[in-house]
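Participant: Can you read through this structure? Questions will come right after.
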Amino acid sequence: MATIKQVLSASELFKGLTDEELDKVAALGRMEVYEKGAPLFVQGATARDFYVVELGRVALNTGISSGAGVNKEISVESIKSGQSCGYSAVKGEPVYALSAKAVEPVRVIAIDGKRLYELLEENPVMGYRVMSRMVASLSATLRNVRSTIQIFRR
Amino acid sequence: MADIKEVLAKSALFKGLSDAELDQVLPLCHKKSYAAGFSVISEGDVAKDLYIIAEGKVIVEMSLSVYPGMVQEALIETVPSEEPFGWSAVVGSRVYTMTARCAEATRVIAIDGEQLLSLFNGSPAIGFKVMEGLAEVVDARIKSVMRTAFA
């Protein structure tokens with residue numbers, strides 16, 4: 001099984017960091033496993049951890065009211081191996097904007113968002129690089145949310 | 001039109017910068033004015049500039065493939081004063097993913113993306129703060145789009 005550092009070094013967000021930088025991030029991470037259908041986090045819940053997916057696929061979902069008091073969940077994005085989710089935790093947002101659920105058995109690195117933010121702020125070279133990639137990923141999520149909603153409305 | 005520095009200091013993107021840091025951004029900025037209905041950027045074009053709205057309002061639109069071969073332009077949202085648009089100039093593929101059209105007579109600050117990225121690489125503390133501001137903007141847009149859609 002890959003170490004936390006190896007998983008991070010292969011991820012979209014942290015690849016290209018120096019060995020020393022990776023060590024600092026890895027020290028904040030812990031390995032977690034989720035069974036198919038298990039939630040990593042729920043929309044509106046306190047945003048504490050940020051996740052890097054090592055194995056498996058995670059769906060980012062939002063709950064909607066489809067009329068007559070019926071609530072359902074629609075998927076806005078699929079997060080694969082090497083990708084990340086749970087950015088609200090890093091940005092100091094109080095709650096998660098979306099829900100994340102394991103579509104299949106999933107192994108992730110969970111990182112305390114507040115401590116990761118502090119690390120990035122203290123190390124601006126790494127901080128700029130990682131934050132820039134986070135924005136790219138968030139922008140992709142925004143596009144997916146917009147597309148999903150427009151299609152759902154039709 | 002308000003002073004460029006004053007607009008930047010109030011904007012979601014640059015509000016975290018110190019006075020000295022804002023002074024480093026100023027030489028990269030240009031004031032531009034557009035009439036209502038004018039498209040400032042078009043989806044698919046090379047993303048050269050990032051924009052901050054100084055006065056006025058902009059509507060951002062994206063095209064959607066609803067069915068194979070059937071593309072429709074969908075009205076997405078209105079961007080108010082002091083908010084950014086066109087951030088593909090500093091993030092991702094450097095191709096605009098939206099069209100931005102002026103809802104009324106609009107004045108903007110255009111910032112050269114390549115020069116801004118050079119500034120970030122030379123002064124990563126500035127880059128970190130601006131990207132942090134941009135992350136907040138994008139996150140707020142995600143929440144706003146969902147709130148509007150599912151209200």
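Residue numbers start at 1 in each chain; chains themselves are named A, B, ... in the order of the structure tokens; ligands are numbered from 1 in the order shown.
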Check the DSSP output for the backbone and give back, as a ChimeraX atom specification, the residues of range 24-137 of chain B in strand (DSSP E or B).
Facilitator: /B:29-34,39-41,46,49-55,58-67,70-79,84-85,95,99-102,106-112
Participant: Please save N, CA and C atoms of the selected residues as a compact mmCIF listing (two decimals), in the first residue's frame.
Facilitator:
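Wrote it out as again-v8.txt, contents follow:
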# COMPACT_ATOMS: atom_id res chain seq x y z
N CYS B 29 -2.61 47.11 -14.69
CA CYS B 29 -4.05 47.38 -14.83
C CYS B 29 -4.34 48.44 -15.89
N HIS B 30 -5.47 48.28 -16.57
CA HIS B 30 -5.97 49.28 -17.53
C HIS B 30 -7.45 49.49 -17.31
N LYS B 31 -7.88 50.76 -17.41
CA LYS B 31 -9.32 51.05 -17.33
C LYS B 31 -9.93 50.87 -18.72
N LYS B 32 -11.11 50.26 -18.75
CA LYS B 32 -11.82 50.12 -20.02
C LYS B 32 -13.31 50.39 -19.78
N SER B 33 -13.98 50.94 -20.79
CA SER B 33 -15.43 51.22 -20.68
C SER B 33 -16.16 50.55 -21.84
N TYR B 34 -17.33 50.02 -21.54
CA TYR B 34 -18.11 49.33 -22.57
C TYR B 34 -19.58 49.75 -22.50
N SER B 39 -20.04 42.39 -25.56
CA SER B 39 -19.41 41.20 -24.96
C SER B 39 -17.93 41.48 -24.70
N VAL B 40 -17.57 41.51 -23.44
CA VAL B 40 -16.18 41.83 -23.05
C VAL B 40 -15.27 40.63 -23.34
N ILE B 41 -15.76 39.44 -23.02
CA ILE B 41 -15.01 38.21 -23.35
C ILE B 41 -15.99 37.20 -23.95
N VAL B 46 -8.94 32.82 -26.29
CA VAL B 46 -7.75 32.78 -25.43
C VAL B 46 -7.95 33.79 -24.30
N ASP B 49 -6.95 38.63 -20.38
CA ASP B 49 -7.10 39.53 -19.23
C ASP B 49 -8.09 39.01 -18.18
N LEU B 50 -7.81 39.38 -16.95
CA LEU B 50 -8.73 39.17 -15.84
C LEU B 50 -9.41 40.52 -15.60
N TYR B 51 -10.69 40.52 -15.25
CA TYR B 51 -11.43 41.78 -15.12
C TYR B 51 -12.03 41.94 -13.72
N ILE B 52 -11.98 43.18 -13.24
CA ILE B 52 -12.70 43.56 -12.03
C ILE B 52 -13.71 44.64 -12.45
N ILE B 53 -14.96 44.49 -12.07
CA ILE B 53 -15.97 45.50 -12.44
C ILE B 53 -15.84 46.69 -11.50
N ALA B 54 -15.60 47.87 -12.09
CA ALA B 54 -15.50 49.09 -11.29
C ALA B 54 -16.86 49.74 -11.13
N GLU B 55 -17.62 49.77 -12.21
CA GLU B 55 -18.99 50.31 -12.18
C GLU B 55 -19.81 49.54 -13.20
N VAL B 58 -22.34 42.91 -15.24
CA VAL B 58 -22.03 42.02 -16.37
C VAL B 58 -22.82 40.72 -16.20
N ILE B 59 -23.33 40.23 -17.31
CA ILE B 59 -24.02 38.93 -17.28
C ILE B 59 -23.07 37.89 -17.87
N VAL B 60 -22.83 36.81 -17.13
CA VAL B 60 -21.98 35.75 -17.67
C VAL B 60 -22.86 34.60 -18.15
N GLU B 61 -22.52 34.11 -19.33
CA GLU B 61 -23.32 33.05 -19.96
C GLU B 61 -22.38 31.94 -20.41
N MET B 62 -22.90 30.72 -20.42
CA MET B 62 -22.12 29.62 -20.98
C MET B 62 -23.02 28.81 -21.91
N SER B 63 -22.42 28.20 -22.92
CA SER B 63 -23.22 27.38 -23.82
C SER B 63 -23.29 25.97 -23.27
N LEU B 64 -24.38 25.31 -23.53
CA LEU B 64 -24.60 23.96 -23.03
C LEU B 64 -25.00 23.03 -24.16
N SER B 65 -24.39 21.85 -24.18
CA SER B 65 -24.84 20.84 -25.13
C SER B 65 -25.95 20.07 -24.44
N VAL B 66 -27.19 20.46 -24.74
CA VAL B 66 -28.31 19.81 -24.09
C VAL B 66 -28.52 18.42 -24.68
N TYR B 67 -28.45 18.36 -26.01
CA TYR B 67 -28.48 17.08 -26.72
C TYR B 67 -27.31 17.11 -27.70
N MET B 70 -26.90 19.91 -30.31
CA MET B 70 -27.79 21.03 -30.00
C MET B 70 -27.19 21.85 -28.85
N VAL B 71 -26.64 23.00 -29.20
CA VAL B 71 -26.00 23.86 -28.21
C VAL B 71 -26.87 25.07 -27.93
N GLN B 72 -27.10 25.36 -26.68
CA GLN B 72 -27.90 26.53 -26.32
C GLN B 72 -27.11 27.43 -25.39
N GLU B 73 -27.32 28.73 -25.53
CA GLU B 73 -26.69 29.69 -24.63
C GLU B 73 -27.60 29.81 -23.41
N ALA B 74 -27.06 29.63 -22.25
CA ALA B 74 -27.89 29.70 -21.05
C ALA B 74 -27.51 30.92 -20.23
N LEU B 75 -28.47 31.70 -19.81
CA LEU B 75 -28.18 32.82 -18.92
C LEU B 75 -27.82 32.25 -17.56
N ILE B 76 -26.73 32.66 -17.04
CA ILE B 76 -26.28 32.05 -15.80
C ILE B 76 -26.44 33.00 -14.61
N GLU B 77 -25.73 34.10 -14.63
CA GLU B 77 -25.80 34.97 -13.46
C GLU B 77 -25.27 36.38 -13.76
N THR B 78 -25.60 37.28 -12.88
CA THR B 78 -25.15 38.66 -13.02
C THR B 78 -23.99 38.90 -12.05
N VAL B 79 -22.93 39.51 -12.56
CA VAL B 79 -21.76 39.82 -11.72
C VAL B 79 -21.82 41.30 -11.36
N PRO B 84 -14.93 39.91 -9.73
CA PRO B 84 -14.12 39.58 -10.90
C PRO B 84 -14.86 38.69 -11.91
N PHE B 85 -14.41 38.69 -13.14
CA PHE B 85 -14.78 37.67 -14.12
C PHE B 85 -13.59 37.49 -15.06
N VAL B 95 -8.24 29.54 -21.39
CA VAL B 95 -9.29 29.75 -22.39
C VAL B 95 -10.55 30.14 -21.62
N THR B 99 -19.01 33.52 -21.62
CA THR B 99 -19.12 34.81 -22.32
C THR B 99 -19.62 35.83 -21.30
N ALA B 100 -19.02 37.00 -21.28
CA ALA B 100 -19.43 38.05 -20.34
C ALA B 100 -19.91 39.27 -21.13
N ARG B 101 -21.18 39.63 -20.94
CA ARG B 101 -21.82 40.71 -21.68
C ARG B 101 -22.28 41.78 -20.70
N CYS B 102 -22.09 43.03 -21.08
CA CYS B 102 -22.48 44.14 -20.18
C CYS B 102 -24.00 44.27 -20.12
N THR B 106 -20.75 49.80 -18.59
CA THR B 106 -19.90 49.20 -17.55
C THR B 106 -18.44 49.64 -17.71
N ARG B 107 -17.83 49.93 -16.57
CA ARG B 107 -16.40 50.26 -16.56
C ARG B 107 -15.68 49.14 -15.80
N VAL B 108 -14.58 48.70 -16.37
CA VAL B 108 -13.85 47.60 -15.75
C VAL B 108 -12.37 47.95 -15.60
N ILE B 109 -11.71 47.17 -14.76
CA ILE B 109 -10.24 47.20 -14.72
C ILE B 109 -9.78 45.89 -15.33
N ALA B 110 -9.03 45.99 -16.42
CA ALA B 110 -8.49 44.79 -17.08
C ALA B 110 -7.06 44.60 -16.61
N ILE B 111 -6.75 43.36 -16.21
CA ILE B 111 -5.39 43.06 -15.70
C ILE B 111 -4.79 41.96 -16.56
N ASP B 112 -3.63 42.22 -17.12
CA ASP B 112 -2.97 41.25 -17.99
C ASP B 112 -2.63 39.97 -17.20
Participant: Using only C-alpha atoms, find the residues of chain A whose closest atom to chain B is at most 10 Å away, then write them as a VMD selection string.
Facilitator: chain A and resid 62 to 66 87 to 88 90 to 93 96 to 98 117 120 to 154
Participant: Using only C-alpha atoms, which residues sit within 9 Å of Leu116 in chain A once same-chain residues fewer than 6 positions away are excluded, as a list in words?
Facilitator: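 Listed by chain and then number, they are Val25, Leu28, Phe50 and Val90 of chain A.
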Participant: Now that the selection is made, can you save its residues with N, CA and C atoms as a CSV table (one decimal), in the first residue's frame?
Facilitator:
chain,number,residue,atom,x,y,z
A,25,VAL,N,3.0,18.3,4.5
A,25,VAL,CA,1.6,18.1,4.2
A,25,VAL,C,1.3,16.7,4.7
A,28,LEU,N,0.1,16.0,8.2
A,28,LEU,CA,-1.2,16.4,8.6
A,28,LEU,C,-2.3,15.4,8.2
A,50,PHE,N,-10.3,18.0,4.6
A,50,PHE,CA,-10.2,18.0,3.1
A,50,PHE,C,-9.7,16.6,2.7
A,90,VAL,N,-10.6,24.0,3.9
A,90,VAL,CA,-9.3,24.7,3.8
A,90,VAL,C,-9.6,26.2,3.8
Participant: Env of Ala59 in chain A: 6 Å cut, atoms = only C-alpha atoms, seq-sep filter 3 positions within chain, self excluded. Answer as a list in words.
Facilitator: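 Non-adjacent residues within range: Glu77, Ser78, Ala100 and Lys101 of chain A.
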